[in-house]
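Undergrad: Before we start, here is the structure in question, set down as structure tokens.
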Amino acid sequence: MLTYKVVEIGTVTEDVIEEALNEWTAKGWRFDGMQFAMREASRRPSMAFLIFTREVEEA
């Protein structure tokens with residue numbers, strides 16, 4: 001069964017995103033995608049959501 005994990009990042013910088021990607025892939029999760037939340041007044045994303053998946057055996 002495919003299981004999803006969503007990680008919210010409040011400080012959107014290269015270092016923080018890289019750290020989260022390395023942390024969760026080391027735990028066995030596979031990176032699936034990234035979504036950004038934008039503010040109208042700024043061109044910089046205010047938040048990011050990293051989506052991970054992994055296969056889990058059913059009991």
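Going through the structure tokens in order, the chains are called A, B, and so on, while each chain numbers its residues from 1 and the ligands are numbered from 1 in the order shown.
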So which residues touch segment 13-26 of chain A within 12 Å, counting only C-alpha atoms, skipping near sequence neighbours fewer than 4 positions away, as a list in words?

TA: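 The filter keeps Tyr4, Lys5, Val6, Val7, Glu8, Ile9, Arg30, Phe31, Asp32, Gly33, Met34, Gln35, Phe36, Arg44, Pro45, Ser46, Met47, Ala48, Phe49, Leu50, Ile51, Phe52, Thr53 and Arg54 of chain A.
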
Undergrad: Got time to write the residues from that selection, C-alpha atoms, as a PDB file, in the first residue's frame?

TA:
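Result written to out.pdb:
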ATOM      1  CA  TYR A   4       2.023   9.612   1.781  1.00  0.00           C
ATOM      2  CA  LYS A   5       3.913  12.041   4.028  1.00  0.00           C
ATOM      3  CA  VAL A   6       3.561  15.828   3.755  1.00  0.00           C
ATOM      4  CA  VAL A   7       6.187  18.037   5.392  1.00  0.00           C
ATOM      5  CA  GLU A   8       5.424  21.736   5.883  1.00  0.00           C
ATOM      6  CA  ILE A   9       8.322  24.189   5.644  1.00  0.00           C
ATOM      7  CA  ARG A  30      10.791   8.785  -1.609  1.00  0.00           C
ATOM      8  CA  PHE A  31      10.455  12.412  -2.735  1.00  0.00           C
ATOM      9  CA  ASP A  32       7.304  12.855  -4.855  1.00  0.00           C
ATOM     10  CA  GLY A  33       6.896  16.607  -5.288  1.00  0.00           C
ATOM     11  CA  MET A  34       6.896  20.116  -3.864  1.00  0.00           C
ATOM     12  CA  GLN A  35       4.233  22.833  -3.696  1.00  0.00           C
ATOM     13  CA  PHE A  36       4.738  26.472  -2.766  1.00  0.00           C
ATOM     14  CA  ARG A  44       9.094  34.816  -2.527  1.00  0.00           C
ATOM     15  CA  PRO A  45       7.150  31.768  -1.306  1.00  0.00           C
ATOM     16  CA  SER A  46       5.907  32.021   2.255  1.00  0.00           C
ATOM     17  CA  MET A  47       5.676  28.245   2.755  1.00  0.00           C
ATOM     18  CA  ALA A  48       6.551  25.006   0.995  1.00  0.00           C
ATOM     19  CA  PHE A  49       5.063  21.540   1.253  1.00  0.00           C
ATOM     20  CA  LEU A  50       7.240  18.531   0.443  1.00  0.00           C
ATOM     21  CA  ILE A  51       5.384  15.354  -0.530  1.00  0.00           C
ATOM     22  CA  PHE A  52       6.946  11.952   0.058  1.00  0.00           C
ATOM     23  CA  THR A  53       5.730   8.393  -0.535  1.00  0.00           C
ATOM     24  CA  ARG A  54       6.730   4.895   0.485  1.00  0.00           C
TER      25      ARG A  54
END

Undergrad: Using the chain letters and numbers from this document, which residues of chain A does DSSP assign to strand (DSSP E), as a PyMOL selection string?

TA: chain A and resi 2-9+30-38+45-55

Undergrad: Any chance you could export the current selection's C-alpha atoms as an mmCIF file, in the first residue's frame?

TA:
data_model
loop_
_atom_site.group_PDB
_atom_site.id
_atom_site.type_symbol
_atom_site.label_atom_id
_atom_site.label_comp_id
_atom_site.auth_asym_id
_atom_site.auth_seq_id
_atom_site.Cartn_x
_atom_site.Cartn_y
_atom_site.Cartn_z
ATOM 1 C CA LEU A 2 1.314 3.440 -0.900
ATOM 2 C CA THR A 3 1.580 5.844 2.056
ATOM 3 C CA TYR A 4 2.023 9.612 1.781
ATOM 4 C CA LYS A 5 3.913 12.041 4.028
ATOM 5 C CA VAL A 6 3.561 15.828 3.755
ATOM 6 C CA VAL A 7 6.187 18.037 5.392
ATOM 7 C CA GLU A 8 5.424 21.736 5.883
ATOM 8 C CA ILE A 9 8.322 24.189 5.644
ATOM 9 C CA ARG A 30 10.791 8.785 -1.609
ATOM 10 C CA PHE A 31 10.455 12.412 -2.735
ATOM 11 C CA ASP A 32 7.304 12.855 -4.855
ATOM 12 C CA GLY A 33 6.896 16.607 -5.288
ATOM 13 C CA MET A 34 6.896 20.116 -3.864
ATOM 14 C CA GLN A 35 4.233 22.833 -3.696
ATOM 15 C CA PHE A 36 4.738 26.472 -2.766
ATOM 16 C CA ALA A 37 2.314 28.834 -1.025
ATOM 17 C CA MET A 38 2.713 32.382 -2.262
ATOM 18 C CA PRO A 45 7.150 31.768 -1.306
ATOM 19 C CA SER A 46 5.907 32.021 2.255
ATOM 20 C CA MET A 47 5.676 28.245 2.755
ATOM 21 C CA ALA A 48 6.551 25.006 0.995
ATOM 22 C CA PHE A 49 5.063 21.540 1.253
ATOM 23 C CA LEU A 50 7.240 18.531 0.443
ATOM 24 C CA ILE A 51 5.384 15.354 -0.530
ATOM 25 C CA PHE A 52 6.946 11.952 0.058
ATOM 26 C CA THR A 53 5.730 8.393 -0.535
ATOM 27 C CA ARG A 54 6.730 4.895 0.485
ATOM 28 C CA GLU A 55 5.372 1.409 0.165
#

Undergrad: Run DSSP on the backbone and give me the residues of chain A it puts in helix (DSSP H, G or I), as a ChimeraX atom specification.

TA: /A:14-26
